[in-house]
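Okay, query.cif now, which holds mmCIF, C-alpha atoms and all ligand atoms:
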```
data_query
loop_
_atom_site.label_atom_id
_atom_site.label_comp_id
_atom_site.auth_asym_id
_atom_site.auth_seq_id
_atom_site.Cartn_x
_atom_site.Cartn_y
_atom_site.Cartn_z
CA MET A 427 115.24 99.28 -7.29
CA SER A 428 115.53 102.94 -6.45
CA GLU A 429 118.02 105.76 -6.78
CA VAL A 430 119.81 107.14 -3.77
CA THR A 431 122.58 109.71 -3.30
CA VAL A 432 124.85 109.23 -0.30
CA VAL A 433 126.33 112.49 1.00
CA GLY A 434 129.33 112.08 3.32
CA LEU A 435 131.79 109.26 2.81
CA GLY A 436 133.35 108.73 6.21
CA PRO A 437 133.38 105.16 7.56
CA MET A 438 129.56 105.26 7.96
CA GLY A 439 128.58 106.88 4.67
CA SER A 440 130.99 104.73 2.66
CA THR A 441 129.56 101.56 4.20
CA MET A 442 126.02 102.83 3.60
CA ALA A 443 126.80 103.47 -0.07
CA GLU A 444 128.32 100.02 -0.42
CA THR A 445 125.32 98.44 1.32
CA PHE A 446 122.89 100.21 -1.03
CA LEU A 447 124.96 98.99 -4.01
CA THR A 448 124.91 95.42 -2.72
CA ALA A 449 121.13 95.66 -2.31
CA GLY A 450 120.92 96.55 -6.00
CA HIS A 451 120.07 100.25 -5.75
CA GLN A 452 121.38 102.89 -8.13
CA VAL A 453 123.81 104.84 -5.99
CA LYS A 454 125.46 108.22 -6.46
CA VAL A 455 128.01 109.49 -3.95
CA TRP A 456 129.26 112.91 -2.88
CA ASN A 457 131.90 113.92 -0.36
CA ARG A 458 133.65 117.21 0.51
CA THR A 459 136.96 115.46 -0.10
CA ALA A 460 136.12 114.06 -3.52
CA SER A 461 138.86 111.39 -3.55
CA LYS A 462 136.95 109.33 -0.96
CA ALA A 463 134.45 108.49 -3.71
CA GLU A 464 137.03 106.51 -5.72
CA PRO A 465 136.61 103.05 -4.08
CA LEU A 466 132.82 103.34 -4.39
CA VAL A 467 132.96 104.44 -8.02
CA ALA A 468 135.14 101.38 -8.64
CA LYS A 469 132.29 99.28 -7.19
CA GLY A 470 129.65 100.82 -9.44
CA ALA A 471 128.53 104.06 -7.77
CA GLY A 472 128.09 107.21 -9.82
CA ARG A 473 129.60 110.57 -8.91
CA ALA A 474 126.98 113.10 -7.85
CA ALA A 475 127.62 116.47 -9.47
CA THR A 476 126.69 118.27 -6.23
CA ALA A 477 125.51 117.20 -2.77
CA ALA A 478 121.95 117.97 -3.89
CA ASP A 479 122.16 115.77 -7.01
CA GLY A 480 119.30 113.27 -6.50
CA ASP A 481 115.75 113.00 -5.18
CA LEU A 482 116.65 110.93 -2.13
CA LEU A 483 119.74 112.19 -0.29
CA VAL A 484 121.04 110.03 2.56
CA VAL A 485 123.45 112.14 4.61
CA SER A 486 126.06 110.83 7.06
CA GLN A 487 128.51 113.48 8.24
CA ILE A 488 130.20 114.67 11.41
CA SER A 489 127.36 117.10 12.24
CA TYR A 490 124.43 119.02 10.73
CA GLU A 491 126.72 122.00 10.11
CA ALA A 492 128.43 119.80 7.50
CA MET A 493 125.08 119.33 5.73
CA TYR A 494 124.63 123.12 5.49
CA ASN A 495 128.18 123.43 4.12
CA SER A 496 127.61 120.65 1.61
CA LEU A 497 124.18 121.68 0.29
CA GLY A 498 125.02 125.39 0.31
CA ASP A 499 122.21 127.42 -1.25
CA ALA A 500 120.94 124.65 -3.54
CA ARG A 501 117.14 124.42 -3.99
CA LEU A 502 115.73 121.15 -2.65
CA ASP A 503 112.29 121.21 -4.31
CA GLY A 504 110.59 117.83 -3.95
CA LYS A 505 113.73 116.22 -2.54
CA VAL A 506 113.85 114.07 0.56
CA VAL A 507 116.90 114.47 2.79
CA VAL A 508 117.42 111.62 5.25
CA ASN A 509 120.11 112.77 7.64
CA LEU A 510 121.68 110.06 9.81
CA SER A 511 124.36 112.31 11.35
CA SER A 512 124.76 113.02 15.04
CA ASP A 513 123.80 116.39 16.53
CA SER A 514 121.50 117.89 19.16
CA PRO A 515 117.68 117.56 18.89
CA GLU A 516 117.24 121.35 18.61
CA ARG A 517 119.67 121.47 15.67
CA LEU A 518 117.64 118.75 13.95
CA ARG A 519 114.43 120.75 14.38
CA ALA A 520 116.16 123.84 12.95
CA ALA A 521 117.47 121.74 10.06
CA ALA A 522 113.94 120.52 9.26
CA ARG A 523 112.87 124.16 8.87
CA TRP A 524 115.97 124.93 6.78
CA VAL A 525 115.30 122.05 4.38
CA SER A 526 111.61 122.96 4.19
CA GLU A 527 112.42 126.60 3.33
CA ARG A 528 114.34 125.26 0.32
CA GLY A 529 111.40 123.13 -0.83
CA GLY A 530 112.52 119.75 0.52
CA THR A 531 111.59 117.45 3.40
CA LEU A 532 113.92 116.30 6.15
CA VAL A 533 113.68 112.90 7.78
CA THR A 534 116.01 112.56 10.76
CA GLY A 535 117.66 109.42 12.03
CA GLY A 536 120.12 108.08 14.55
CA ILE A 537 121.72 104.84 13.42
CA MET A 538 122.60 102.50 16.25
CA VAL A 539 125.41 100.43 14.77
CA PRO A 540 129.05 101.04 13.78
CA PRO A 541 130.07 100.52 10.12
CA PRO A 542 130.44 96.70 10.26
CA GLY A 543 126.86 96.44 11.60
CA ILE A 544 125.23 98.35 8.74
CA GLY A 545 122.89 96.10 6.78
CA GLN A 546 123.41 93.27 9.29
CA PRO A 547 120.76 91.54 11.42
CA GLY A 548 120.09 93.44 14.64
CA ALA A 549 120.91 96.86 13.14
CA TYR A 550 118.28 99.51 13.75
CA THR A 551 117.87 103.23 13.27
CA PHE A 552 115.65 105.62 15.23
CA TYR A 553 113.77 107.77 12.70
CA SER A 554 111.61 110.83 13.22
CA GLY A 555 109.85 113.37 11.01
CA PRO A 556 106.97 112.92 8.55
CA LYS A 557 105.96 109.25 8.62
CA ASP A 558 104.40 109.22 5.15
CA VAL A 559 107.69 110.40 3.63
CA LEU A 560 109.67 107.83 5.60
CA ASP A 561 107.23 105.10 4.54
CA ARG A 562 107.72 106.05 0.87
CA HIS A 563 111.45 105.35 1.18
CA ALA A 564 111.29 102.52 3.70
CA ALA A 565 112.06 99.84 1.11
CA THR A 566 115.33 101.62 0.25
CA LEU A 567 116.34 102.55 3.81
CA GLU A 568 115.69 99.02 5.07
CA ALA A 569 118.89 97.98 3.27
CA LEU A 570 120.79 99.82 6.04
CA SER A 571 118.90 98.65 9.10
CA GLU A 572 115.51 98.04 10.62
CA ILE A 573 113.40 101.18 10.79
CA THR A 574 112.33 102.25 14.27
CA TYR A 575 109.99 105.22 13.90
CA VAL A 576 109.69 107.28 17.08
CA GLY A 577 107.50 110.25 16.10
CA GLU A 578 106.81 113.38 14.06
CA ASP A 579 109.07 115.71 16.11
CA GLU A 580 112.28 115.80 14.08
CA GLY A 581 114.38 116.08 17.25
CA LEU A 582 113.08 112.85 18.73
CA ALA A 583 115.23 110.37 16.77
CA MET A 584 118.30 112.17 18.08
CA MET A 585 116.99 112.24 21.64
CA TYR A 586 116.65 108.44 21.54
CA TYR A 587 120.06 108.16 19.86
CA GLN A 588 121.84 110.42 22.37
CA ALA A 589 120.09 108.62 25.24
CA GLN A 590 121.54 105.33 24.00
CA LEU A 591 124.99 106.84 23.47
CA LEU A 592 124.98 108.25 27.00
CA ILE A 593 124.40 104.75 28.36
CA PHE A 594 126.98 103.29 25.94
CA TRP A 595 129.76 105.75 26.72
CA SER A 596 129.19 106.07 30.44
CA SER A 597 129.01 102.33 31.07
CA LEU A 598 132.06 101.62 28.90
CA THR A 599 134.01 104.42 30.59
CA SER A 600 133.19 102.84 33.94
CA HIS A 601 134.49 99.58 32.52
CA MET A 602 137.75 101.42 31.66
CA HIS A 603 138.04 102.86 35.19
CA ALA A 604 137.52 99.34 36.53
CA MET A 605 140.20 97.87 34.25
CA ALA A 606 142.62 100.71 35.11
CA MET A 607 142.19 100.07 38.84
CA LEU A 608 142.45 96.28 38.58
CA ARG A 609 145.56 96.30 36.43
CA THR A 610 147.43 98.21 39.16
CA ALA A 611 146.96 94.99 41.17
CA GLY A 612 148.13 92.82 38.26
CA VAL A 613 144.63 91.72 37.20
CA SER A 614 144.43 91.57 33.41
CA PRO A 615 141.39 92.96 31.58
CA LEU A 616 140.73 89.49 30.18
CA GLU A 617 140.65 87.92 33.65
CA PHE A 618 138.02 90.46 34.66
CA LEU A 619 136.01 90.24 31.41
CA PRO A 620 133.73 87.30 32.39
CA PHE A 621 132.49 89.29 35.40
CA VAL A 622 131.87 92.40 33.28
CA ARG A 623 129.86 90.37 30.79
CA GLU A 624 127.84 88.85 33.61
CA THR A 625 127.05 92.33 34.97
CA PHE A 626 125.95 93.69 31.59
CA THR A 627 123.77 90.60 31.02
CA GLN A 628 122.20 90.75 34.47
CA LEU A 629 121.50 94.49 34.29
CA GLY A 630 119.41 93.92 31.17
CA GLY A 631 117.66 90.82 32.52
CA ASP A 632 114.65 90.07 34.69
CA GLY A 633 116.44 88.82 37.81
CA PRO A 634 117.21 90.62 41.07
CA MET A 635 120.08 92.51 39.31
CA GLY A 636 117.85 93.48 36.38
CA TYR A 637 118.19 97.18 37.14
CA ALA A 638 117.39 98.51 33.67
CA LYS A 639 113.84 97.20 34.10
CA ILE A 640 113.62 97.82 37.84
CA LEU A 641 114.60 101.50 37.45
CA ALA A 642 112.33 102.04 34.43
CA GLU A 643 109.38 100.68 36.40
CA GLU A 644 110.23 102.75 39.48
CA VAL A 645 110.65 105.96 37.46
CA ALA A 646 107.39 105.29 35.60
CA ALA A 647 105.62 104.83 38.95
CA GLY A 648 107.50 107.68 40.71
CA THR A 649 108.28 105.51 43.74
CA TYR A 650 111.74 104.33 44.78
CA PRO A 651 111.59 101.72 47.53
CA GLY A 652 114.85 101.61 49.47
CA GLU A 653 114.22 99.22 52.37
CA GLN A 654 116.64 96.59 51.00
CA ASN A 655 119.31 98.91 49.62
CA SER A 656 118.97 102.56 50.54
CA LEU A 657 120.47 105.39 48.54
CA HIS A 658 122.32 106.50 51.69
CA MET A 659 124.09 103.13 51.81
CA GLN A 660 124.91 103.48 48.09
CA ALA A 661 126.23 107.05 48.46
CA VAL A 662 128.61 105.81 51.18
CA GLY A 663 129.49 102.84 48.95
CA MET A 664 130.21 105.10 45.99
CA GLY A 665 132.62 107.01 48.27
CA HIS A 666 134.42 103.72 48.85
CA VAL A 667 134.64 103.16 45.08
CA VAL A 668 136.29 106.60 44.73
CA GLU A 669 138.72 105.80 47.56
CA ALA A 670 139.63 102.47 45.96
CA LEU A 671 140.39 104.26 42.67
CA GLU A 672 142.45 106.91 44.48
CA GLU A 673 144.42 104.26 46.38
CA ALA A 674 145.20 102.66 43.01
CA GLY A 675 146.36 106.04 41.67
CA VAL A 676 143.90 106.29 38.78
CA GLU A 677 141.90 109.37 37.88
CA THR A 678 138.45 109.84 39.41
CA THR A 679 136.56 112.64 37.61
CA VAL A 680 133.56 110.57 36.53
CA PRO A 681 133.31 108.42 39.70
CA ARG A 682 133.50 111.60 41.83
CA ALA A 683 130.67 113.11 39.79
CA LEU A 684 128.54 110.03 40.53
CA GLN A 685 129.41 110.26 44.22
CA ALA A 686 128.43 113.96 44.27
CA LEU A 687 125.09 113.18 42.61
CA PHE A 688 124.27 110.40 45.07
CA GLU A 689 125.29 112.60 48.01
CA ARG A 690 123.12 115.45 46.75
CA ALA A 691 120.04 113.21 46.59
CA ASP A 692 120.91 111.97 50.10
CA ALA A 693 121.35 115.56 51.36
CA GLU A 694 118.00 116.47 49.81
CA GLY A 695 116.47 114.04 52.32
CA ARG A 696 115.84 111.00 50.15
CA GLY A 697 118.62 108.76 51.49
CA HIS A 698 116.05 106.25 52.79
CA GLU A 699 114.70 105.75 49.26
CA GLY A 700 116.38 103.54 46.62
CA LEU A 701 118.88 104.38 43.87
CA GLY A 702 116.04 105.42 41.53
CA THR A 703 115.46 108.56 43.58
CA VAL A 704 118.63 110.01 42.02
CA ILE A 705 116.55 110.78 38.92
CA GLU A 706 114.74 113.48 40.92
CA SER A 707 118.09 115.25 41.47
CA ILE A 708 119.12 114.73 37.82
CA SER A 709 115.86 116.30 36.68
CA LYS A 710 116.49 119.45 38.76
CA PRO A 711 120.05 120.58 38.08
P1 LIG B 801 132.74 111.37 10.82
O1 LIG B 801 131.79 111.67 11.93
O2 LIG B 801 134.19 111.64 11.06
O3 LIG B 801 132.23 112.16 9.52
C1 LIG B 801 133.00 112.18 8.37
C2 LIG B 801 132.26 112.84 7.26
O4 LIG B 801 131.88 114.19 7.59
C3 LIG B 801 133.16 112.95 6.02
O5 LIG B 801 132.36 112.73 4.90
C4 LIG B 801 133.65 114.39 6.11
O6 LIG B 801 134.07 114.89 4.88
C5 LIG B 801 132.36 115.05 6.55
N1 LIG B 801 132.58 116.39 7.05
C6 LIG B 801 133.17 116.76 8.21
N2 LIG B 801 133.18 118.11 8.32
C7 LIG B 801 132.57 118.60 7.20
C8 LIG B 801 132.26 119.90 6.74
N3 LIG B 801 132.56 120.97 7.47
N4 LIG B 801 131.63 120.02 5.55
C9 LIG B 801 131.32 118.92 4.81
N5 LIG B 801 131.57 117.64 5.21
C10 LIG B 801 132.20 117.49 6.39
O7 LIG B 801 132.66 109.85 10.37
P2 LIG B 801 131.65 108.63 10.51
O8 LIG B 801 131.40 108.15 9.14
O9 LIG B 801 132.22 107.69 11.52
O10 LIG B 801 130.30 109.19 11.16
C11 LIG B 801 129.30 109.83 10.42
C12 LIG B 801 128.13 110.13 11.36
O11 LIG B 801 127.60 108.89 11.84
C13 LIG B 801 128.55 110.93 12.60
O12 LIG B 801 127.55 111.86 12.90
C14 LIG B 801 128.66 109.88 13.68
O13 LIG B 801 128.42 110.42 14.98
C15 LIG B 801 127.56 108.90 13.26
N6 LIG B 801 127.77 107.52 13.71
C16 LIG B 801 129.01 106.95 13.63
C17 LIG B 801 129.20 105.65 14.04
C18 LIG B 801 130.53 104.98 13.94
O14 LIG B 801 130.72 103.97 14.58
N7 LIG B 801 131.46 105.49 13.12
C19 LIG B 801 128.07 104.84 14.59
C20 LIG B 801 126.78 105.53 14.54
C21 LIG B 801 126.67 106.82 14.13
P3 LIG B 801 135.64 114.82 4.48
O15 LIG B 801 135.89 113.41 4.07
O16 LIG B 801 135.77 115.81 3.40
O17 LIG B 801 136.42 115.20 5.71
#
```
Represent the structure contained in this file as structure tokens.
Amino acid sequence: MSEVTVVGLGPMGSTMAETFLTAGHQVKVWNRTASKAEPLVAKGAGRAATAADGDLLVVSQISYEAMYNSLGDARLDGKVVVNLSSDSPERLRAAARWVSERGGTLVTGGIMVPPPGIGQPGAYTFYSGPKDVLDRHAATLEALSEITYVGEDEGLAMMYYQAQLLIFWSSLTSHMHAMAMLRTAGVSPLEFLPFVRETFTQLGGDGPMGYAKILAEEVAAGTYPGEQNSLHMQAVGMGHVVEALEEAGVETTVPRALQALFERADAEGRGHEGLGTVIESISKP
């Protein structure tokens, strides 16, 4: 079993430390607010003297700025820092240089589960950075989740992670707009839920509503057939969605933004193509 220091004891870091302990690793913990270490120390973790106390540092904090604050000007010679915090890809690349200048190596990651999912079947983490270093610590990190390595570029794990979060937050916010509209007509969220689940299932499937796959294939090919359901029809339809929300008296910022995007692609002369053509407008802001 190996030694690991967990830096950052929010809901994620605390669960990671506990998961490492359960897997039998020797765990030290460090947090800016030291009292958050207490429950983990009670379960067998050691207290790290500083955030840099250990050869393998697994970091989970609000942002990469917190890592700079926590490590300060400590030398990191020979140490491996695995940072699983959220931030922008460029900040991750800058952090890799920062860690390297101090003698250490940064492996970046974006973990795709909330605290209760850590260490559970189905959990996975996008990792990027030096593969040989990741491989050396794979046996330890696998306690948290499956390892999904996406490439050398340290920013890449975060690009995958932010891509997934964009889909997560935007689809769930649309679900909230839908619930807000329906409840003005007395429809409870639980009455509507079976239909929402059906939509999410179908979007990820292989059938005629399997738009995750349909759009990926269209974008890969660069062709967006619209004979059956043109973008123009969908831009008009999106206008009706906005009107329905307005009639119900709910706010419309995000739906209006979608309408504007569809209408722009239509105005650019691609209304006869399918929904996928919107990516050409997204790619040229
Ligand atoms: P937070 O994102 O709220 O992070 C809390 C941790 O960050 C605490 O340890 C806190 O220390 C530390 N911190 C904040 N500011 C600083 C600072 N300036 N200097 C030093 N430490 C600081 O909690 P989570 O545990 O939920 O998330 C951790 C990371 O995991 C985030 O990047 C998040 O986006 C990501 N994530 C979260 C998921 C979730 O469901 N919670 C799911 C997947 C990823 P202190 O206790 O002293 O305030």
**OP:** Check every protein, DNA and RNA residue against ligand LIG 801 (chain B), keep those with an atom at most 7 Å away (counting only C-alpha atoms and all ligand atoms), and present them as a PyMOL selection string.
**Re:** chain A and resi 434-439+457-459+462+486-489+491-493+495-496+510-513+536-541
**OP:** Skip region 569-582 of chain A itself and residues of its chain fewer than 4 positions away, then list as a PyMOL selection string all residues within 7 Å of it, counting all atoms listed in the file.
**Re:** chain A and resi 442+445-446+449+515-516+518-519+522+534+544-545+549-557+586
Could you save the residues just selected, with C-alpha atoms, as a compact mmCIF listing (two decimals), keeping the file's coordinate frame?
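Saved result, out12.txt, follows:
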```
# COMPACT_ATOMS: atom_id res chain seq x y z
CA MET A 442 126.02 102.83 3.60
CA THR A 445 125.32 98.44 1.32
CA PHE A 446 122.89 100.21 -1.03
CA ALA A 449 121.13 95.66 -2.31
CA PRO A 515 117.68 117.56 18.89
CA GLU A 516 117.24 121.35 18.61
CA LEU A 518 117.64 118.75 13.95
CA ARG A 519 114.43 120.75 14.38
CA ALA A 522 113.94 120.52 9.26
CA THR A 534 116.01 112.56 10.76
CA ILE A 544 125.23 98.35 8.74
CA GLY A 545 122.89 96.10 6.78
CA ALA A 549 120.91 96.86 13.14
CA TYR A 550 118.28 99.51 13.75
CA THR A 551 117.87 103.23 13.27
CA PHE A 552 115.65 105.62 15.23
CA TYR A 553 113.77 107.77 12.70
CA SER A 554 111.61 110.83 13.22
CA GLY A 555 109.85 113.37 11.01
CA PRO A 556 106.97 112.92 8.55
CA LYS A 557 105.96 109.25 8.62
CA TYR A 586 116.65 108.44 21.54
```
Subject >> Pick from A:Val662, A:Met427, A:Met607, A:Leu497 nearest to Leu567 (chain A), counting all atoms listed in the file >> reply: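 The closest residue to Leu567 (chain A) is A:Met427.
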**OP:** Choose the residue, out of A:His601, A:Ala443, A:Ala520, A:Ala638, that has the smallest atom-to-atom separation from Phe621 (chain A); count only C-alpha atoms.
**Re:** A:His601
Original post:
Of the candidates A:Thr627, A:Ala642, A:Asp558, A:Ala604, which shows the shortest atom-to-atom distance to Pro681 (chain A), using only C-alpha atoms?
Top reply: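 So, comparing all the options, the nearest one is A:Ala604.
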Subject >> Residues near Pro465 (chain A), cut-off 12 Å, only C-alpha atoms, skip fewer than 5 positions along chain, as a PyMOL selection string >> reply: chain A and resi 435+440-441+443-444+455+460+470-473
Any idea what's packed within 8 Å of Asn509 (chain A), counting only C-alpha atoms, ignoring anything in its chain fewer than 5 positions away? Could you give it as a CSV table (one decimal) with C-alpha atoms, in the frame of the given file?
```csv
chain,number,residue,atom,x,y,z
A,483,LEU,CA,119.7,112.2,-0.3
A,484,VAL,CA,121.0,110.0,2.6
A,485,VAL,CA,123.4,112.1,4.6
A,486,SER,CA,126.1,110.8,7.1
A,532,LEU,CA,113.9,116.3,6.2
A,533,VAL,CA,113.7,112.9,7.8
A,534,THR,CA,116.0,112.6,10.8
A,535,GLY,CA,117.7,109.4,12.0
```
Subject >> Residue among A:Ala478, A:Met584, A:Met664, A:Ala564 lying closest to Ser514 (chain A), counting all atoms listed in the file >> reply: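 Ranking A:Ala478, A:Met584, A:Met664, A:Ala564 by distance to Ser514 (chain A), first place goes to A:Met584.
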Subject >> From A:Lys639, A:Asp479, A:Leu447, A:Gly695, residue lying nearest Val433 (chain A) [all atoms listed in the file] >> reply: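 Result for the nearest residue to Val433 (chain A): A:Asp479.
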Original post:
Pick from A:Val668, A:Met602, A:Ala674, A:Val506: nearest to Pro615 (chain A), with all atoms listed in the file counted?
Top reply: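 Closest to Pro615 (chain A), using all atoms listed in the file: A:Met602.
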Go ahead and fit an axis-aligned box to every listed atom of region 450-463 of chain A plus 8 Å each side, and pass me the centre and edge lengths in Å, one decimal, as JSON.
```
{"center_x": 129.5, "center_y": 106.9, "center_z": -3.8, "size_x": 34.8, "size_y": 36.7, "size_z": 24.6}
```
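With CA of Ala647 (chain A) on one side and CA of Gln685 (chain A) on the other, the separation reads 25.0 Å.
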Subject >> Neighbour residues at most 12 Å from (114.1, 121.6, 2.1) (all atoms listed in the file) as a VMD selection string >> reply: chain A and resid 478 481 to 483 493 to 494 497 to 508 520 to 533
So that I can check the surroundings of Gly480 (chain A), please list as a PDB file with C-alpha atoms, in the frame of the given file every protein, DNA and RNA residue that reaches within 9 Å of it, counting all atoms listed in the file and ignoring chain neighbours fewer than 5 positions away.
```
ATOM      1  CA  GLU A 429     118.020 105.760  -6.780  1.00  0.00           C
ATOM      2  CA  VAL A 430     119.810 107.140  -3.770  1.00  0.00           C
ATOM      3  CA  THR A 431     122.580 109.710  -3.300  1.00  0.00           C
ATOM      4  CA  LYS A 454     125.460 108.220  -6.460  1.00  0.00           C
ATOM      5  CA  ALA A 474     126.980 113.100  -7.850  1.00  0.00           C
ATOM      6  CA  LYS A 505     113.730 116.220  -2.540  1.00  0.00           C
ATOM      7  CA  VAL A 506     113.850 114.070   0.560  1.00  0.00           C
TER       8      VAL A 506
END
```
**OP:** Could you check how far CA of Ser428 (chain A) sits from CA of Gln452 (chain A), in Å to one decimal?
**Re:** 6.1 Å
Original post:
What is the distance, in Å and to one decimal place, between CA of Phe688 (chain A) and CA of Pro620 (chain A)?
Top reply: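 Going from CA of Phe688 (chain A) over to CA of Pro620 (chain A), I get 28.0 Å.
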Subject >> Neighbour list for Gly700 (chain A) as a VMD selection string, cut-off 7 Å, only C-alpha atoms, skip fewer than 3 positions in-chain >> reply: chain A and resid 650 to 652 655 to 657 703
